[in-house]
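Remarks on the structure that follows.
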Number of protein chains: 2
Amino acid sequence: MPMRIVVLAGGIGGARFLRGLMSAVPDADITVIGNTGDDIHLFGLKVCPDLDTVMYTLGGGIHEEQGWGRAEETFAVKEELAAYGVGPEWFGLGDRDFATHIVRTQMMSAGYPLSAVTEALCARWQPGVRLLPMTDDRVETHVLIDTADISGSAAGDGEGRKAVHFQEYWVRMRASVPAHAVVPVGADQAKPGPGVLEAIADSDVVLFPPSNPVVSVGTILAVPGVREAIAEAGVPVVGLSPIVGDAPVRGMADKVLAAVGVESTAAAVAKHYGSGLLDGWLVDEVDADAVDEVEAAGIRCRALPLMMTDTEATARMATAALALAEEVRA
Amino acid sequence: MPMRIVVLAGGIGGARFLRGLMSAVPDADITVIGNTGDDIHLFGLKVCPDLDTVMYTLGGGIHEEQGWGRAEETFAVKEELAAYGVGPEWFGLGDRDFATHIVRTQMMSAGYPLSAVTEALCARWQPGVRLLPMTDDRVETHVLIDTADISGSAAGDGEGRKAVHFQEYWVRMRASVPAHAVVPVGADQAKPGPGVLEAIADSDVVLFPPSNPVVSVGTILAVPGVREAIAEAGVPVVGLSPIVGDAPVRGMADKVLAAVGVESTAAAVAKHYGSGLLDGWLVDEVDADAVDEVEAAGIRCRALPLMMTDTEATARMATAALALAEEVRA
């Protein structure tokens with residue numbers, strides 16, 4: 001029986017890790033639970049950036065350098081929308097990508113849940129994993145910012161604080177102002193998507209890729225039942241630090257970590273997940289100092305190169321994660 | 001005060017005539033009542049082929065040779081939809097065109113009526129006319145065909161007759177089988193769009209371009225109140241024959257004329273409109289024989305070249321139509 005691996009994935013980091021994992025254990029049966037908290041409606045279309053990044057990356061359609069969006073992309077639709085004065089212009093949807101959102105929106109308008117739509121889209125892309133949205137319900141990650149920080153901008157009016165959609169914070173504002181809170185709106189009412197809890201219960205190991213611990217993995221864990229299912233599965237849970245040398249490897253995870261009161265260090269993120277959830281943690285060589293601190297918190301820890309520079313390097317990371325899982329299990 | 005002209009327009013024929021009309025009387029105040037009976041939902045998007053053809057043609061965005069769709073068009077979205085196995089593939093929407101339908105659909109989902117959406121789209125295109133949908137209500141032209149004629153095709157099942165959407169008949173089937181009836185479904189319940197009746201009542205002249213008399217002009221006239229408003233306006237109503245030498249100048253109007261029991265001749269189309277509606281009729285030189293027959297039916301008639309080969313030739317046709325209107329008025 002092939003090893004059954006469950007991976008909680010955000011976007012680029014999760015997708016690239018998965019490519020390495022599949023290279024390391026090509027016969028494994030991998031279920032990906034994808035974050036949908038950064039989904040957004042744009043131009044009346046349902047856009048699921050993290051699910052699509054996983055699907056395109058594993059299906060061979062990703063823009064490699066960029067890490068998101070389609071290869072050989074064109075932007076005629078976007079140009080035309082701008083000519084109509086219809087925005088937002090800060091979210092870069094290409095023509096090929098638009099087709100995905102058109103198909104998804106049409107299916108959802110016809111009454112299909114996101115999980116069924118995702119399966120239909122994957123029938124084309126054949127990602128080689130089972131890609132499950134964390135939920136079919138609406139969860140939308142909002143970021144609380146100071147209006148004073150954006151005064152003068154279109155988003156700013158009045159005093160105090162204001163919540164903006166995660167994509168607005170991340171893509172439009174490039175996380176350039178402090179985040180005071182990150183709220184997965186709707187998560188408390190959401191049910192795990194079809195197959196999510198079953199996949200966790202039936203798994204041999206659960207992996208947290210070096211994805212954003214707050215807005216990617218954290219949002220998935222915020223769906224009631226997911227965290228409990230992982231804890232109760234009785235299988236090793238191993239994560240890889242997205243923080244290397246006290247800074248995010250990519251993206252702006254430090255901004256949202258600060259919002260939840262967590263330092264941007266490999267050890268702090270492990271302790272944020274906590275020993276009740278996490279059994280093993282991989283940190284980069286440069287953070288070898290953190291190993292003792294993490295182990296003192298009850299989480300087995302190893303240091304090794306954690307830069308996903310290519311599939312081979314990433315496969316070595318995945319292999320190390322699985323080795324640590326076996327060590328935990330034994 | 002500029003001459004106030006109301007034009008009932010379908011797609012390509014109407015749009016090209018309008019370009020000639022605007023060249024002939026650049027200072028005129030032109031209101032176009034556009035056919036929406038061939039509107040269709042494709043990929044979850046609201047597509048208005050006739051309105052868009054008028055808008056693109058007068059706004060300088062039309063694919064000139066083709067007569068519909070956008071110039072310098074690309075087809076990435078369509079290719080991707082096909083890769084997802086999502087059809088129909090027989091309706092050729094380009095990337096630039098898709099943007100129009102995305103904007104329209106988004107606005108309509110937000111609750112705006114088609115008339116308001118059309119005005120918003122025209123704010124970009126500046127067609128130089130006021131473009132009014134014939135109605136904000138749903139009217140969908142269906143064509144009744146024999147199932148025996150399409151047996152073996154996906155559309156055929158069972159015995160008897162079946163109704164297909166006009167676009168399916170026209171674009172997919174290329175009007176290759178007999179049409180037994182043309183039904184503007186919903187027209188009997190439709191109300192004229194905002195401004196339609198007022199524009200007719202306030203007009204100095206009403207023109208029927210050489211558009212399809214059944215599925216373009218006929219559908220507009222099927223909206224309750226429009227025909228009556230034209231008859232009651234007390235202004236000259238002049239049409240141009242879309243039939244030259246017993247055949248449609250373009251398109252397959254003969255097929256739908258047969259469905260309503262009208263011969264494909266310039267005289268038969270004039271009599272189909274009837275002297276209760278039509279005051280003047282222009283036929284092509286090759287149909288000069290028809291003049292006496294049309295006049296015998298109580299409709300003033302002139303013969304002149306009716307081929308819209310370029311804007312100048314079309315402007316001469318428009319000038320002749322307006323001259324005939326003045327003759328009728330006097």
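Here, A, B, ... name the chains of the structure tokens in the order displayed, residue numbers run from 1 inside each chain, and ligands are numbered from 1 in the same displayed order.
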
Determine, for each residue of chain A having at least one atom at most 7 Å from an atom of chain B, the closest pair of atoms and their separation in Å to one decimal, counting only C-alpha atoms; order by chain and ascending number, as a Markdown table.
```
| residue | atom | partner | partner_atom | distance |
| --- | --- | --- | --- | --- |
| A:Phe43 | CA | B:Gln106 | CA | 6.0 |
| A:Gly44 | CA | B:Gln106 | CA | 4.9 |
| A:Ala76 | CA | B:Arg96 | CA | 5.8 |
| A:Val77 | CA | B:Ala99 | CA | 5.1 |
| A:Glu80 | CA | B:Ala99 | CA | 5.9 |
| A:Leu81 | CA | B:Ala99 | CA | 5.8 |
| A:Tyr84 | CA | B:Arg124 | CA | 5.9 |
| A:Asp95 | CA | B:Val77 | CA | 5.5 |
| A:Arg96 | CA | B:Val77 | CA | 5.4 |
| A:Phe98 | CA | B:Val77 | CA | 6.8 |
| A:Ala99 | CA | B:Val77 | CA | 5.1 |
| A:Ile102 | CA | B:Phe43 | CA | 6.7 |
| A:Val103 | CA | B:Phe43 | CA | 6.8 |
| A:Gln106 | CA | B:Gly44 | CA | 4.9 |
| A:Leu121 | CA | B:Tyr84 | CA | 6.9 |
| A:Arg124 | CA | B:Tyr84 | CA | 5.9 |
```

Got time to write the residues from that selection, all heavy atoms, as a compact mmCIF listing (two decimals), in the first residue's frame?
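Final output, saved to again-v1.txt:
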```txt
# COMPACT_ATOMS: atom_id res chain seq x y z
N PHE A 43 -14.01 40.86 -10.87
CA PHE A 43 -14.75 40.98 -12.13
C PHE A 43 -15.92 39.99 -12.17
O PHE A 43 -16.27 39.49 -13.24
CB PHE A 43 -13.82 40.76 -13.33
CG PHE A 43 -12.52 41.49 -13.23
CD1 PHE A 43 -11.32 40.83 -12.98
CD2 PHE A 43 -12.49 42.88 -13.34
CE1 PHE A 43 -10.13 41.51 -12.86
CE2 PHE A 43 -11.29 43.58 -13.23
CZ PHE A 43 -10.11 42.89 -12.99
N GLY A 44 -16.47 39.71 -11.00
CA GLY A 44 -17.59 38.78 -10.95
C GLY A 44 -17.18 37.32 -11.05
O GLY A 44 -18.04 36.45 -11.12
N ALA A 76 -4.73 40.35 -22.79
CA ALA A 76 -5.70 41.12 -23.58
C ALA A 76 -6.94 41.46 -22.76
O ALA A 76 -7.44 42.59 -22.81
CB ALA A 76 -6.09 40.35 -24.84
N VAL A 77 -7.45 40.50 -22.00
CA VAL A 77 -8.67 40.76 -21.23
C VAL A 77 -8.42 41.87 -20.22
O VAL A 77 -9.20 42.81 -20.08
CB VAL A 77 -9.16 39.48 -20.52
CG1 VAL A 77 -10.35 39.79 -19.63
CG2 VAL A 77 -9.53 38.40 -21.54
N GLU A 80 -8.32 45.25 -21.76
CA GLU A 80 -9.66 45.71 -22.14
C GLU A 80 -10.46 46.15 -20.92
O GLU A 80 -11.19 47.13 -20.96
CB GLU A 80 -10.42 44.58 -22.85
CG GLU A 80 -9.88 44.30 -24.24
CD GLU A 80 -10.10 45.47 -25.18
OE1 GLU A 80 -11.20 46.05 -25.17
OE2 GLU A 80 -9.16 45.81 -25.91
N LEU A 81 -10.33 45.39 -19.83
CA LEU A 81 -11.04 45.77 -18.61
C LEU A 81 -10.57 47.15 -18.16
O LEU A 81 -11.37 48.00 -17.76
CB LEU A 81 -10.81 44.73 -17.52
CG LEU A 81 -11.46 43.36 -17.78
CD1 LEU A 81 -10.97 42.34 -16.74
CD2 LEU A 81 -12.98 43.45 -17.74
N TYR A 84 -12.13 49.79 -20.10
CA TYR A 84 -13.50 50.06 -19.64
C TYR A 84 -13.50 50.78 -18.29
O TYR A 84 -14.55 51.09 -17.75
CB TYR A 84 -14.29 48.75 -19.50
CG TYR A 84 -14.86 48.22 -20.81
CD1 TYR A 84 -14.44 47.00 -21.32
CD2 TYR A 84 -15.81 48.94 -21.51
CE1 TYR A 84 -14.96 46.51 -22.52
CE2 TYR A 84 -16.33 48.47 -22.70
CZ TYR A 84 -15.91 47.25 -23.20
OH TYR A 84 -16.42 46.78 -24.37
N ASP A 95 -4.95 36.07 -19.61
CA ASP A 95 -6.04 35.50 -20.42
C ASP A 95 -6.26 34.01 -20.12
O ASP A 95 -7.38 33.56 -19.97
CB ASP A 95 -5.74 35.68 -21.91
CG ASP A 95 -5.67 37.16 -22.28
OD1 ASP A 95 -6.36 37.97 -21.64
OD2 ASP A 95 -4.90 37.50 -23.21
N ARG A 96 -5.15 33.26 -20.06
CA ARG A 96 -5.29 31.82 -19.81
C ARG A 96 -5.86 31.57 -18.42
O ARG A 96 -6.71 30.71 -18.22
CB ARG A 96 -3.94 31.11 -19.96
CG ARG A 96 -3.39 31.18 -21.37
CD ARG A 96 -2.13 30.37 -21.60
NE ARG A 96 -1.67 30.64 -22.95
CZ ARG A 96 -2.21 30.10 -24.04
NH1 ARG A 96 -3.21 29.27 -23.94
NH2 ARG A 96 -1.76 30.41 -25.24
N PHE A 98 -7.77 33.59 -16.79
CA PHE A 98 -9.18 33.99 -16.82
C PHE A 98 -10.07 32.80 -17.17
O PHE A 98 -11.16 32.64 -16.62
CB PHE A 98 -9.42 35.12 -17.83
CG PHE A 98 -9.58 36.47 -17.19
CD1 PHE A 98 -8.63 37.45 -17.37
CD2 PHE A 98 -10.70 36.76 -16.43
CE1 PHE A 98 -8.77 38.70 -16.79
CE2 PHE A 98 -10.86 38.01 -15.84
CZ PHE A 98 -9.89 38.98 -16.02
N ALA A 99 -9.62 31.99 -18.10
CA ALA A 99 -10.45 30.85 -18.53
C ALA A 99 -10.75 29.94 -17.35
O ALA A 99 -11.88 29.45 -17.19
CB ALA A 99 -9.75 30.09 -19.65
N ILE A 102 -13.40 31.56 -15.33
CA ILE A 102 -14.69 31.53 -16.03
C ILE A 102 -15.33 30.16 -15.87
O ILE A 102 -16.51 30.04 -15.56
CB ILE A 102 -14.49 31.90 -17.52
CG1 ILE A 102 -14.16 33.39 -17.66
CG2 ILE A 102 -15.73 31.54 -18.35
CD1 ILE A 102 -13.72 33.82 -19.06
N VAL A 103 -14.54 29.11 -16.07
CA VAL A 103 -15.08 27.75 -15.92
C VAL A 103 -15.54 27.53 -14.48
O VAL A 103 -16.64 27.02 -14.22
CB VAL A 103 -14.02 26.69 -16.30
CG1 VAL A 103 -14.53 25.29 -15.97
CG2 VAL A 103 -13.68 26.80 -17.78
N GLN A 106 -18.73 29.54 -13.72
CA GLN A 106 -19.90 28.97 -14.41
C GLN A 106 -20.38 27.72 -13.68
O GLN A 106 -21.57 27.53 -13.45
CB GLN A 106 -19.53 28.64 -15.86
CG GLN A 106 -20.73 28.17 -16.67
CD GLN A 106 -20.39 27.84 -18.10
OE1 GLN A 106 -19.23 27.70 -18.46
NE2 GLN A 106 -21.40 27.73 -18.94
N LEU A 121 -11.60 20.76 -12.68
CA LEU A 121 -10.46 21.48 -13.25
C LEU A 121 -9.22 20.58 -13.25
O LEU A 121 -8.43 20.58 -14.19
CB LEU A 121 -10.19 22.76 -12.46
CG LEU A 121 -11.29 23.84 -12.50
CD1 LEU A 121 -10.96 24.99 -11.54
CD2 LEU A 121 -11.47 24.38 -13.92
N ARG A 124 -8.40 18.12 -16.06
CA ARG A 124 -7.54 18.57 -17.14
C ARG A 124 -6.07 18.56 -16.74
O ARG A 124 -5.21 18.10 -17.48
CB ARG A 124 -7.92 19.98 -17.56
CG ARG A 124 -6.88 20.58 -18.49
CD ARG A 124 -7.10 22.05 -18.80
NE ARG A 124 -6.00 22.55 -19.60
CZ ARG A 124 -5.79 23.82 -19.86
NH1 ARG A 124 -6.64 24.72 -19.40
NH2 ARG A 124 -4.76 24.20 -20.58
```

Can you list, as a tab-separated table (two decimals) with N, CA, C and O atoms, in the first residue's frame, every protein, DNA or RNA residue that comes within 6 Å of Ala181 (chain A) when you count only C-alpha atoms, leaving out same-chain residues fewer than 6 positions away?
```
chain	number	residue	atom	x	y	z
A	143	VAL	N	-7.41	41.34	6.83
A	143	VAL	CA	-6.28	41.87	7.59
A	143	VAL	C	-6.69	43.23	8.14
A	143	VAL	O	-7.20	44.08	7.40
A	144	LEU	N	-6.47	43.39	9.43
A	144	LEU	CA	-6.85	44.64	10.09
A	144	LEU	C	-5.66	45.59	10.07
A	144	LEU	O	-4.58	45.26	10.56
A	259	ALA	N	1.29	40.13	13.40
A	259	ALA	CA	-0.12	40.38	13.74
A	259	ALA	C	-0.65	39.37	14.74
A	259	ALA	O	-1.57	39.66	15.50
```

* Spatial neighbours of Ile12 (chain B), max dist 12 Å, only C-alpha atoms, sep filter under 3 positions, as a PyMOL selection string -> chain B and resi 9+15-19+34-35+49-58+62-69+209-212+216+242+249-251+308

* **Per-residue DSSP, region 130-217 of chain B, filtered to helix (DSSP H, G or I), as a ChimeraX atom specification** => /B:147-150,166-172,187-189,196-201,217

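Of the residues listed (B:Ala323, B:Thr265, B:Trp170, B:Arg227), B:Arg227 shows the shortest atom-to-atom separation from Leu277 (chain B); distances use only C-alpha atoms.
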
* To do: Could you give me the residues within region 40-242 of chain A that DSSP places in strand (DSSP E or B), as an NGL selection string?
  => :A and (40-42 or 45-47 or 62 or 70 or 130-133 or 135 or 140-146 or 161-165 or 181-185 or 192 or 205-208 or 237-240)

Take the residues from that selection and write them out as a short mmCIF file (atom, residue, chain, number, x, y, z; two decimals), in the first residue's frame, keeping N, CA, C and O atoms.
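Done, and the output landed in part33.cif:
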```
data_model
loop_
_atom_site.label_atom_id
_atom_site.label_comp_id
_atom_site.auth_asym_id
_atom_site.auth_seq_id
_atom_site.Cartn_x
_atom_site.Cartn_y
_atom_site.Cartn_z
N ILE A 40 -10.93 35.14 -3.88
CA ILE A 40 -11.48 36.49 -4.04
C ILE A 40 -12.35 36.52 -5.29
O ILE A 40 -12.11 35.78 -6.24
N HIS A 41 -13.38 37.34 -5.24
CA HIS A 41 -14.20 37.58 -6.43
C HIS A 41 -13.64 38.80 -7.14
O HIS A 41 -13.56 39.88 -6.56
N LEU A 42 -13.25 38.60 -8.38
CA LEU A 42 -12.73 39.70 -9.18
C LEU A 42 -13.49 39.71 -10.50
O LEU A 42 -13.60 38.67 -11.17
N LEU A 45 -15.88 37.07 -11.04
CA LEU A 45 -15.40 35.69 -11.19
C LEU A 45 -14.75 35.22 -9.90
O LEU A 45 -14.13 35.99 -9.18
N LYS A 46 -14.91 33.94 -9.63
CA LYS A 46 -14.35 33.34 -8.43
C LYS A 46 -12.90 32.93 -8.72
O LYS A 46 -12.64 32.07 -9.58
N VAL A 47 -11.99 33.54 -7.98
CA VAL A 47 -10.56 33.28 -8.17
C VAL A 47 -10.03 32.58 -6.93
O VAL A 47 -10.27 33.04 -5.81
N ILE A 62 2.36 26.25 -14.81
CA ILE A 62 2.71 27.42 -14.01
C ILE A 62 3.74 28.31 -14.71
O ILE A 62 4.54 27.85 -15.51
N ARG A 70 -0.15 31.58 -15.21
CA ARG A 70 0.14 30.64 -16.28
C ARG A 70 1.39 31.00 -17.08
O ARG A 70 1.73 32.17 -17.26
N ARG A 130 -4.43 14.40 -5.00
CA ARG A 130 -5.83 14.73 -4.84
C ARG A 130 -5.89 16.09 -4.18
O ARG A 130 -5.40 16.26 -3.06
N LEU A 131 -6.44 17.06 -4.88
CA LEU A 131 -6.46 18.44 -4.38
C LEU A 131 -7.84 18.75 -3.82
O LEU A 131 -8.83 18.81 -4.56
N LEU A 132 -7.91 18.95 -2.51
CA LEU A 132 -9.18 19.22 -1.84
C LEU A 132 -9.18 20.61 -1.25
O LEU A 132 -8.29 20.96 -0.46
N PRO A 133 -10.18 21.43 -1.60
CA PRO A 133 -10.31 22.71 -0.89
C PRO A 133 -10.56 22.42 0.58
O PRO A 133 -11.26 21.47 0.92
N THR A 135 -12.45 23.78 2.52
CA THR A 135 -13.90 23.86 2.79
C THR A 135 -14.61 24.28 1.52
O THR A 135 -14.01 24.91 0.64
N GLU A 140 -12.94 34.01 4.17
CA GLU A 140 -12.22 35.10 3.51
C GLU A 140 -11.28 35.73 4.53
O GLU A 140 -11.74 36.29 5.53
N THR A 141 -10.01 35.63 4.29
CA THR A 141 -9.03 36.16 5.22
C THR A 141 -8.98 37.68 5.11
O THR A 141 -8.73 38.22 4.03
N HIS A 142 -9.23 38.33 6.21
CA HIS A 142 -9.16 39.79 6.25
C HIS A 142 -7.99 40.21 7.14
O HIS A 142 -7.64 39.50 8.09
N VAL A 143 -7.41 41.34 6.83
CA VAL A 143 -6.28 41.87 7.59
C VAL A 143 -6.69 43.23 8.14
O VAL A 143 -7.20 44.08 7.40
N LEU A 144 -6.47 43.39 9.43
CA LEU A 144 -6.85 44.64 10.09
C LEU A 144 -5.66 45.59 10.07
O LEU A 144 -4.58 45.26 10.56
N ILE A 145 -5.89 46.77 9.52
CA ILE A 145 -4.81 47.75 9.44
C ILE A 145 -5.28 49.08 10.00
O ILE A 145 -6.48 49.31 10.18
N ASP A 146 -4.31 49.98 10.27
CA ASP A 146 -4.65 51.32 10.73
C ASP A 146 -5.06 52.18 9.55
O ASP A 146 -4.33 52.25 8.55
N ARG A 161 -9.31 51.66 12.71
CA ARG A 161 -8.79 50.53 11.94
C ARG A 161 -9.80 50.06 10.92
O ARG A 161 -10.99 50.32 11.05
N LYS A 162 -9.29 49.34 9.99
CA LYS A 162 -10.19 48.86 8.94
C LYS A 162 -9.68 47.52 8.46
O LYS A 162 -8.49 47.24 8.46
N ALA A 163 -10.62 46.66 8.07
CA ALA A 163 -10.26 45.33 7.58
C ALA A 163 -10.22 45.37 6.06
O ALA A 163 -11.12 45.90 5.42
N VAL A 164 -9.16 44.83 5.50
CA VAL A 164 -9.07 44.72 4.04
C VAL A 164 -8.92 43.24 3.68
O VAL A 164 -8.42 42.45 4.48
N HIS A 165 -9.37 42.89 2.51
CA HIS A 165 -9.21 41.52 2.03
C HIS A 165 -7.72 41.19 1.98
O HIS A 165 -6.91 42.04 1.64
N ALA A 181 -4.26 42.40 12.95
CA ALA A 181 -4.92 41.11 13.16
C ALA A 181 -5.17 40.48 11.81
O ALA A 181 -5.28 41.18 10.79
N VAL A 182 -5.21 39.17 11.80
CA VAL A 182 -5.55 38.42 10.60
C VAL A 182 -6.76 37.57 10.97
O VAL A 182 -6.69 36.76 11.89
N VAL A 183 -7.87 37.81 10.28
CA VAL A 183 -9.13 37.16 10.65
C VAL A 183 -9.66 36.33 9.48
O VAL A 183 -9.99 36.89 8.43
N PRO A 184 -9.72 35.02 9.66
CA PRO A 184 -10.33 34.20 8.61
C PRO A 184 -11.86 34.26 8.73
O PRO A 184 -12.47 33.40 9.36
N VAL A 185 -12.44 35.31 8.13
CA VAL A 185 -13.87 35.56 8.30
C VAL A 185 -14.67 34.37 7.75
O VAL A 185 -14.45 33.93 6.63
N PRO A 192 -15.31 21.39 7.09
CA PRO A 192 -14.25 20.87 6.21
C PRO A 192 -14.86 20.34 4.92
O PRO A 192 -15.96 19.77 4.93
N VAL A 205 1.01 10.13 7.39
CA VAL A 205 1.81 11.27 7.85
C VAL A 205 1.15 12.55 7.34
O VAL A 205 0.52 12.56 6.28
N VAL A 206 1.29 13.60 8.15
CA VAL A 206 0.78 14.92 7.75
C VAL A 206 1.96 15.88 7.68
O VAL A 206 2.77 15.92 8.61
N LEU A 207 2.06 16.60 6.57
CA LEU A 207 3.17 17.54 6.40
C LEU A 207 2.66 18.98 6.27
O LEU A 207 1.65 19.23 5.61
N PHE A 208 3.39 19.89 6.92
CA PHE A 208 3.16 21.32 6.72
C PHE A 208 4.35 21.83 5.88
O PHE A 208 5.46 21.91 6.38
N VAL A 237 3.22 14.36 12.52
CA VAL A 237 2.95 15.64 11.86
C VAL A 237 4.26 16.41 11.83
O VAL A 237 4.82 16.73 12.87
N VAL A 238 4.75 16.66 10.63
CA VAL A 238 6.06 17.29 10.48
C VAL A 238 5.94 18.53 9.60
O VAL A 238 5.29 18.50 8.55
N GLY A 239 6.57 19.59 10.06
CA GLY A 239 6.55 20.83 9.29
C GLY A 239 7.94 21.28 8.89
O GLY A 239 8.94 20.83 9.44
N LEU A 240 7.98 22.19 7.90
CA LEU A 240 9.24 22.77 7.45
C LEU A 240 9.14 24.28 7.66
O LEU A 240 8.13 24.90 7.29
#
```

* Distance query region 291-300 of chain B at most 6 Å, only C-alpha atoms, self and fewer than 5 positions along chain excluded, as a list in words -> Ala267, Ser275, Asp279 and Gly280 of chain B

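Rounded to one decimal, CA of Val223 (chain A) and CA of Met134 (chain A) lie 7.5 Å from each other.
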
* Interatomic distance between CA of Asp287 (chain A) and CA of Val262 (chain A)? ->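 We find that CA of Asp287 (chain A) and CA of Val262 (chain A) lie 16.6 Å from each other.
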
* Within 10 Å of Ala190 (chain A), counting only C-alpha atoms, which residues qualify if same-chain residues fewer than 6 places away don't, as a list in words? -> Met134, Thr135, Asp136, Asp137, Arg138, Val139, Ala222, Val223, Pro224 and Gly225 of chain A

Can those selected residues be exported to a file as a PDB file, in the first residue's frame so that it contains N, CA, C and O atoms?
```pdb
ATOM      1  N   MET A 134      -9.999  23.240   1.447  1.00  0.00           N
ATOM      2  CA  MET A 134     -10.176  23.018   2.891  1.00  0.00           C
ATOM      3  C   MET A 134     -11.654  23.015   3.280  1.00  0.00           C
ATOM      4  O   MET A 134     -12.053  22.339   4.215  1.00  0.00           O
ATOM      5  N   THR A 135     -12.455  23.782   2.519  1.00  0.00           N
ATOM      6  CA  THR A 135     -13.896  23.860   2.789  1.00  0.00           C
ATOM      7  C   THR A 135     -14.611  24.277   1.521  1.00  0.00           C
ATOM      8  O   THR A 135     -14.014  24.908   0.637  1.00  0.00           O
ATOM      9  N   ASP A 136     -15.896  23.908   1.437  1.00  0.00           N
ATOM     10  CA  ASP A 136     -16.738  24.427   0.364  1.00  0.00           C
ATOM     11  C   ASP A 136     -17.456  25.691   0.796  1.00  0.00           C
ATOM     12  O   ASP A 136     -18.177  26.304   0.014  1.00  0.00           O
ATOM     13  N   ASP A 137     -17.291  26.050   2.049  1.00  0.00           N
ATOM     14  CA  ASP A 137     -17.951  27.245   2.566  1.00  0.00           C
ATOM     15  C   ASP A 137     -17.059  28.461   2.344  1.00  0.00           C
ATOM     16  O   ASP A 137     -15.870  28.343   2.081  1.00  0.00           O
ATOM     17  N   ARG A 138     -17.679  29.618   2.503  1.00  0.00           N
ATOM     18  CA  ARG A 138     -16.936  30.839   2.251  1.00  0.00           C
ATOM     19  C   ARG A 138     -16.095  31.230   3.463  1.00  0.00           C
ATOM     20  O   ARG A 138     -16.624  31.457   4.540  1.00  0.00           O
ATOM     21  N   VAL A 139     -14.814  31.292   3.247  1.00  0.00           N
ATOM     22  CA  VAL A 139     -13.891  31.800   4.260  1.00  0.00           C
ATOM     23  C   VAL A 139     -13.052  32.861   3.560  1.00  0.00           C
ATOM     24  O   VAL A 139     -12.549  32.634   2.467  1.00  0.00           O
ATOM     25  N   ALA A 222      -7.811  26.710  10.880  1.00  0.00           N
ATOM     26  CA  ALA A 222      -8.915  27.456  11.516  1.00  0.00           C
ATOM     27  C   ALA A 222     -10.276  26.876  11.165  1.00  0.00           C
ATOM     28  O   ALA A 222     -11.284  27.254  11.770  1.00  0.00           O
ATOM     29  N   VAL A 223     -10.317  25.982  10.189  1.00  0.00           N
ATOM     30  CA  VAL A 223     -11.601  25.343   9.858  1.00  0.00           C
ATOM     31  C   VAL A 223     -11.903  24.327  10.958  1.00  0.00           C
ATOM     32  O   VAL A 223     -11.118  23.398  11.178  1.00  0.00           O
ATOM     33  N   PRO A 224     -13.007  24.509  11.661  1.00  0.00           N
ATOM     34  CA  PRO A 224     -13.294  23.639  12.805  1.00  0.00           C
ATOM     35  C   PRO A 224     -13.238  22.162  12.415  1.00  0.00           C
ATOM     36  O   PRO A 224     -13.844  21.754  11.425  1.00  0.00           O
ATOM     37  N   GLY A 225     -12.515  21.406  13.193  1.00  0.00           N
ATOM     38  CA  GLY A 225     -12.420  19.971  12.941  1.00  0.00           C
ATOM     39  C   GLY A 225     -11.105  19.553  12.322  1.00  0.00           C
ATOM     40  O   GLY A 225     -10.666  18.413  12.508  1.00  0.00           O
TER      41      GLY A 225
END
```
